[in-house]
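*Asks:* If it helps, the file is called run_35.txt and holds compact mmCIF, C-alpha atoms (C1' of nucleotides):
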```txt
# COMPACT_ATOMS: atom_id res chain seq x y z
CA MET A 29 -54.08 -103.00 114.19
CA ALA A 30 -57.45 -103.50 115.85
CA PRO A 31 -60.62 -104.00 113.79
CA ARG A 32 -62.66 -100.87 113.07
CA LEU A 33 -66.10 -100.26 114.48
CA SER A 34 -68.63 -100.90 111.74
CA ARG A 35 -71.81 -99.14 110.67
CA SER A 36 -73.92 -101.68 112.57
CA PHE A 37 -72.20 -100.68 115.82
CA PHE A 38 -73.43 -97.11 115.41
CA LYS A 39 -76.90 -98.02 114.13
CA ARG A 40 -78.14 -98.79 117.65
CA PRO A 41 -79.64 -96.98 120.64
CA THR A 42 -77.48 -93.94 121.35
CA LEU A 43 -77.02 -94.62 125.06
CA ALA A 44 -75.62 -98.09 124.31
CA VAL A 45 -73.24 -96.64 121.72
CA ALA A 46 -72.04 -93.93 124.11
CA ARG A 47 -71.44 -96.46 126.87
CA GLU A 48 -69.60 -98.87 124.58
CA LEU A 49 -67.43 -96.18 123.00
CA LEU A 50 -65.60 -95.96 126.34
CA GLY A 51 -62.33 -97.82 125.83
CA ALA A 52 -62.52 -97.61 122.03
CA ARG A 53 -59.79 -95.81 120.14
CA LEU A 54 -60.41 -92.72 118.01
CA VAL A 55 -57.87 -92.57 115.18
CA ARG A 56 -56.95 -89.64 112.94
CA LEU A 57 -54.91 -90.64 109.88
CA GLU A 58 -52.70 -87.82 108.67
CA ALA A 59 -50.76 -87.30 105.46
CA GLY A 60 -48.01 -89.89 105.16
CA GLY A 61 -50.05 -92.46 107.09
CA ARG A 62 -49.15 -90.92 110.43
CA ARG A 63 -51.56 -91.90 113.19
CA LEU A 64 -52.88 -89.70 115.96
CA SER A 65 -55.11 -91.54 118.41
CA GLY A 66 -56.55 -91.70 121.87
CA TRP A 67 -58.73 -93.93 124.04
CA ILE A 68 -62.22 -92.55 124.56
CA VAL A 69 -62.74 -91.90 128.27
CA GLU A 70 -65.79 -89.60 128.22
CA ALA A 71 -68.85 -89.38 125.94
CA GLU A 72 -72.39 -87.98 126.00
CA ALA A 73 -75.59 -89.14 124.28
CA TYR A 74 -77.92 -86.70 122.46
CA VAL A 75 -81.09 -88.47 121.44
CA GLY A 76 -83.64 -87.11 119.00
CA SER A 77 -85.61 -83.88 118.70
CA GLU A 78 -87.56 -84.71 121.89
CA ASP A 79 -84.29 -84.34 123.82
CA LEU A 80 -84.30 -80.62 124.62
CA GLY A 81 -80.55 -80.75 125.29
CA CYS A 82 -79.92 -81.94 121.73
CA HIS A 83 -79.12 -79.64 118.81
CA ALA A 84 -81.91 -81.42 116.92
CA ARG A 85 -84.55 -79.94 119.27
CA ALA A 86 -85.39 -77.05 116.92
CA GLY A 87 -85.50 -79.20 113.82
CA ARG A 88 -83.17 -79.69 110.93
CA THR A 89 -80.93 -76.79 109.92
CA ALA A 90 -77.82 -76.42 107.79
CA ARG A 91 -75.69 -76.69 110.91
CA ASN A 92 -77.11 -79.88 112.40
CA ALA A 93 -78.10 -81.72 109.19
CA SER A 94 -75.49 -84.44 109.75
CA MET A 95 -77.43 -85.71 112.76
CA TRP A 96 -80.23 -86.81 110.43
CA GLY A 97 -77.81 -88.60 108.13
CA PRO A 98 -76.62 -92.20 108.18
CA PRO A 99 -75.05 -93.64 111.34
CA GLY A 100 -71.28 -93.87 111.55
CA HIS A 101 -70.73 -90.39 110.11
CA ALA A 102 -69.27 -87.40 111.96
CA TYR A 103 -71.29 -84.42 113.14
CA VAL A 104 -68.81 -81.58 113.75
CA TYR A 105 -70.20 -78.26 114.97
CA PHE A 106 -68.75 -74.84 115.82
CA THR A 107 -69.50 -73.17 119.15
CA TYR A 108 -68.54 -70.28 121.44
CA GLY A 109 -67.01 -68.39 118.54
CA MET A 110 -63.85 -70.47 118.42
CA HIS A 111 -64.33 -74.17 119.16
CA TRP A 112 -65.13 -77.28 117.13
CA CYS A 113 -66.64 -80.42 118.68
CA LEU A 114 -66.87 -83.96 117.32
CA ASN A 115 -69.92 -86.22 117.47
CA VAL A 116 -70.55 -89.67 116.03
CA VAL A 117 -73.99 -90.05 114.43
CA THR A 118 -76.07 -92.97 115.75
CA GLU A 119 -79.35 -94.83 115.15
CA ALA A 120 -81.13 -95.20 111.81
CA GLU A 121 -80.84 -92.59 109.08
CA GLY A 122 -83.63 -90.02 109.51
CA PHE A 123 -83.52 -90.12 113.33
CA PRO A 124 -81.34 -87.29 114.68
CA ALA A 125 -79.00 -88.60 117.37
CA ALA A 126 -75.29 -88.58 118.13
CA VAL A 127 -72.60 -89.13 120.73
CA LEU A 128 -70.36 -86.21 121.68
CA ILE A 129 -66.77 -87.35 122.23
CA ARG A 130 -65.71 -85.35 125.30
CA ALA A 131 -62.27 -86.68 126.26
CA LEU A 132 -59.48 -88.96 125.12
CA LEU A 133 -56.44 -90.45 126.79
CA PRO A 134 -53.60 -89.88 124.29
CA ALA A 135 -52.32 -93.10 122.70
CA GLU A 136 -50.36 -92.21 119.55
CA GLY A 137 -48.85 -88.93 118.37
CA GLN A 138 -49.04 -87.18 121.72
CA ALA A 139 -46.25 -84.72 120.86
CA THR A 140 -48.11 -83.62 117.73
CA MET A 141 -51.36 -83.23 119.64
CA VAL A 142 -49.69 -81.09 122.31
CA ARG A 143 -48.13 -78.90 119.61
CA ARG A 144 -51.49 -78.42 117.88
CA ARG A 145 -53.02 -77.30 121.14
CA GLY A 146 -50.55 -74.46 121.44
CA GLY A 147 -48.19 -73.76 124.27
CA THR A 148 -50.68 -73.43 127.13
CA ARG A 149 -49.88 -75.05 130.47
CA ALA A 150 -53.25 -76.76 130.61
CA GLY A 151 -52.86 -78.01 127.07
CA ARG A 152 -49.52 -79.61 127.79
CA ARG A 153 -50.85 -81.47 130.82
CA ASP A 154 -54.03 -82.78 129.19
CA PRO A 155 -54.15 -82.08 125.44
CA THR A 156 -57.33 -84.07 124.77
CA GLY A 157 -59.31 -83.61 128.00
CA GLY A 158 -62.31 -81.76 126.59
CA PRO A 159 -64.42 -81.80 123.42
CA ALA A 160 -62.87 -78.69 121.87
CA LYS A 161 -59.39 -79.62 123.01
CA LEU A 162 -59.44 -83.02 121.36
CA ALA A 163 -60.86 -81.59 118.15
CA GLN A 164 -58.02 -79.09 118.00
CA ALA A 165 -55.41 -81.73 118.93
CA LEU A 166 -56.62 -83.98 116.09
CA GLY A 167 -56.97 -81.12 113.61
CA LEU A 168 -60.74 -81.53 113.24
CA ASP A 169 -62.99 -78.76 111.93
CA ARG A 170 -65.83 -78.09 109.47
CA ARG A 171 -64.11 -80.25 106.84
CA PHE A 172 -64.93 -83.34 108.89
CA ASP A 173 -68.65 -82.63 109.27
CA GLY A 174 -70.39 -85.50 107.48
CA HIS A 175 -67.17 -87.55 107.20
CA ASP A 176 -67.93 -91.28 106.87
CA LEU A 177 -66.10 -92.92 109.77
CA CYS A 178 -66.85 -96.38 108.39
CA ALA A 179 -65.54 -95.89 104.85
CA PRO A 180 -62.43 -97.98 104.08
CA GLN A 181 -60.52 -94.83 103.09
CA ALA A 182 -61.71 -92.78 106.10
CA ARG A 183 -59.16 -90.37 107.57
CA LEU A 184 -60.98 -90.47 110.89
CA PHE A 185 -62.36 -93.71 112.34
CA LEU A 186 -62.81 -95.82 115.47
CA GLU A 187 -61.06 -99.03 116.46
CA ARG A 188 -62.28 -101.65 118.87
CA GLY A 189 -60.47 -101.27 122.18
CA ARG A 190 -60.76 -102.77 125.62
CA ARG A 191 -63.94 -104.28 127.00
CA ILE A 192 -64.86 -102.05 129.91
CA PRO A 193 -66.81 -103.59 132.83
CA ASP A 194 -69.72 -101.62 134.28
CA SER A 195 -67.76 -101.26 137.52
CA ASP A 196 -65.29 -99.01 135.68
CA VAL A 197 -68.01 -96.67 134.33
CA THR A 198 -69.67 -93.69 135.98
CA THR A 199 -72.59 -91.64 134.63
CA GLY A 200 -74.04 -88.23 135.29
CA PRO A 201 -75.78 -85.22 133.77
CA ARG A 202 -74.44 -83.76 130.55
CA VAL A 203 -72.15 -80.74 130.74
CA GLY A 204 -73.00 -77.17 129.77
CA LEU A 205 -76.79 -77.46 129.33
CA ASN A 206 -77.40 -74.37 131.44
CA ASN A 207 -80.68 -73.21 129.93
CA VAL A 208 -82.13 -76.64 129.19
CA PRO A 209 -85.35 -77.54 131.03
CA GLU A 210 -85.71 -80.58 133.25
CA PRO A 211 -85.70 -83.49 133.01
CA TRP A 212 -83.37 -83.19 130.02
CA ARG A 213 -80.83 -81.12 131.85
CA SER A 214 -80.22 -83.78 134.50
CA LEU A 215 -80.63 -87.07 132.65
CA ALA A 216 -77.70 -89.46 133.14
CA ARG A 217 -76.48 -89.35 129.57
CA ARG A 218 -72.82 -88.65 130.29
CA PHE A 219 -70.51 -91.68 130.51
CA LEU A 220 -67.01 -91.61 132.02
CA LEU A 221 -64.27 -94.16 132.47
CA ARG A 222 -63.11 -94.08 136.09
CA PRO A 223 -59.62 -92.61 136.58
CA GLU A 224 -58.28 -95.91 137.98
CA ALA A 225 -59.45 -97.67 134.82
CA GLN A 226 -57.91 -94.94 132.63
CA ALA A 227 -54.57 -95.56 134.32
CA ARG A 228 -54.79 -99.21 133.21
CA LEU A 229 -55.03 -98.30 129.52
CA PRO A 230 -51.81 -98.47 127.47
CA GLY A 231 -50.16 -95.04 127.54
CA PRO A 232 -48.61 -93.08 124.66
C1' DA B 14 -59.83 -77.49 144.09
C1' DG B 15 -63.15 -74.34 142.81
C1' DC B 16 -65.42 -70.23 140.88
C1' DA B 17 -65.84 -66.08 137.88
C1' DC B 18 -65.00 -64.05 133.74
C1' DG B 19 -63.74 -62.73 129.01
C1' DA B 20 -62.68 -64.20 124.36
C1' DT B 21 -64.95 -64.56 119.81
C1' DG B 22 -68.05 -65.43 115.80
C1' DC B 23 -71.54 -68.48 113.93
C1' DT B 24 -76.52 -69.69 113.95
C1' DC B 25 -81.10 -68.95 114.25
C1' DT B 26 -85.00 -65.62 115.99
C1' DG C 21 -79.58 -59.38 118.83
C1' DA C 22 -79.24 -63.40 122.04
C1' DG C 23 -77.37 -67.52 123.04
C1' DC C 24 -74.01 -70.99 122.74
C1' DA C 25 -72.87 -79.40 124.05
C1' DT C 26 -65.82 -74.39 125.76
C1' DC C 27 -61.33 -73.02 127.38
C1' DG C 28 -57.65 -70.62 129.84
C1' DT C 29 -56.43 -67.40 133.16
C1' DG C 30 -56.46 -65.42 137.53
C1' DC C 31 -58.14 -65.07 141.96
C1' DT C 32 -60.16 -67.12 146.24
C1' DT C 33 -60.51 -71.14 149.77
```
Here is a file; write its structure as structure tokens.
*Replies:*
Amino acid sequence: MAPRLSRSFFKRPTLAVARELLGARLVRLEAGGRRLSGWIVEAEAYVGSEDLGCHARAGRTARNASMWGPPGHAYVYFTYGMHWCLNVVTEAEGFPAAVLIRALLPAEGQATMVRRRGGTRAGRRDPTGGPAKLAQALGLDRRFDGHDLCAPQARLFLERGRRIPDSDVTTGPRVGLNNVPEPWRSLARRFLLRPEAQARLPGP
DNA sequence: AGCACGATGCTCT
DNA sequence: GAGCATCGTGCTT
């Protein structure tokens, strides 16, 4: 089993963390020690209350409090009336920043993840290809908000994966920031692993 | 392959 | 009461 990413990995500039999370493995430990996991292939950086695309822009609230907490914890929020999304908190405690995990390539427990997603055609083809999809596939919700991903007994954590060369990474504007003013709306804070490089990762 | 739309309820004004 | 870091379906190119 690969070594886990430590607190010091997350206590760094958010863009570096987002970039380096590509190729890492997100692991959900279920009852009975069963592992669900996937390689991270897409992530976005949300950096401080100056970032008008970031939930921290309007200050600290009950919903976004985890972003101000220690690095290496989860920030899980509810949106669009039905979806949960997973972030990993970054930088020093007191500075609100996080990386949204947007897509995984299934590695372990794919059948379980597909079942969790329900019987939809799209879900069967790509059960973890979206922030709300992967949260549902891994069974993540409000209970995981504030979860310490670096604790030895963590049920959700990250493992070191493949080193990804810059030539396998693309960047672009973050998704869904429709009413966010420039320049925040268009900043290159979205990181993706190229499809050819995804195909080289070990499958399920 | 791409766009439009509705679902659905929490969060903050 | 408005807006939302989304998703699946159904319809158009």
*Asks:* I need the contact residues of chain B against chain A, so if you could list those with any atom within 7 Å, counting all atoms listed in the file, and return them as a list in words, that would help.
*Replies:*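 Written out as asked, the residues are DT21, DG22 and DC23 of chain B.
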*Asks:* Show which residues sit within 12 Å of C:DA22, as number ranges by chain. Count all atoms listed in the file, and ignore same-chain residues fewer than 4 positions away.
*Replies:* B: 24-26
*Asks:* Using all atoms listed in the file, determine which residues lie at most 9 Å from stretch 185-197 of chain A, disregarding the query and same-chain residues fewer than 4 positions distant; provide the list as a PyMOL selection string.
*Replies:* chain A and resi 29-34+47-57+67+100+176-179+219-226+229
*Asks:* Enumerate as a ChimeraX atom specification the residues belonging to chain A that approach chain C to within 10 Å, with all atoms listed in the file taken into account.
*Replies:* /A:72,74,81-83,105-113,115,128,130,148-151,158-161,202-207
*Asks:* What does the distance between atom CA of A:Leu215 and atom CA of A:Trp96 come to in Å, to one decimal place?
*Replies:*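 Atom CA of A:Trp96 lies 22.2 Å from atom CA of A:Leu215.
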*Asks:* Expressed in Å to a single decimal, how great is the separation between atom CA of A:Gly66 and atom CA of A:Thr140?
*Replies:*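 One can read the atom CA of A:Gly66 to atom CA of A:Thr140 distance as 12.4 Å.
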*Asks:* Find the distance between atom CA of A:Pro232 and atom CA of A:Thr156 and write it in Å to one decimal.
*Replies:*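 One can read the atom CA of A:Pro232 to atom CA of A:Thr156 distance as 12.5 Å.
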*Asks:* For A:His101, which residue among A:Arg145, A:Arg62, A:His175, A:Arg35 is the nearest when counting all atoms listed in the file?
*Replies:* A:His175
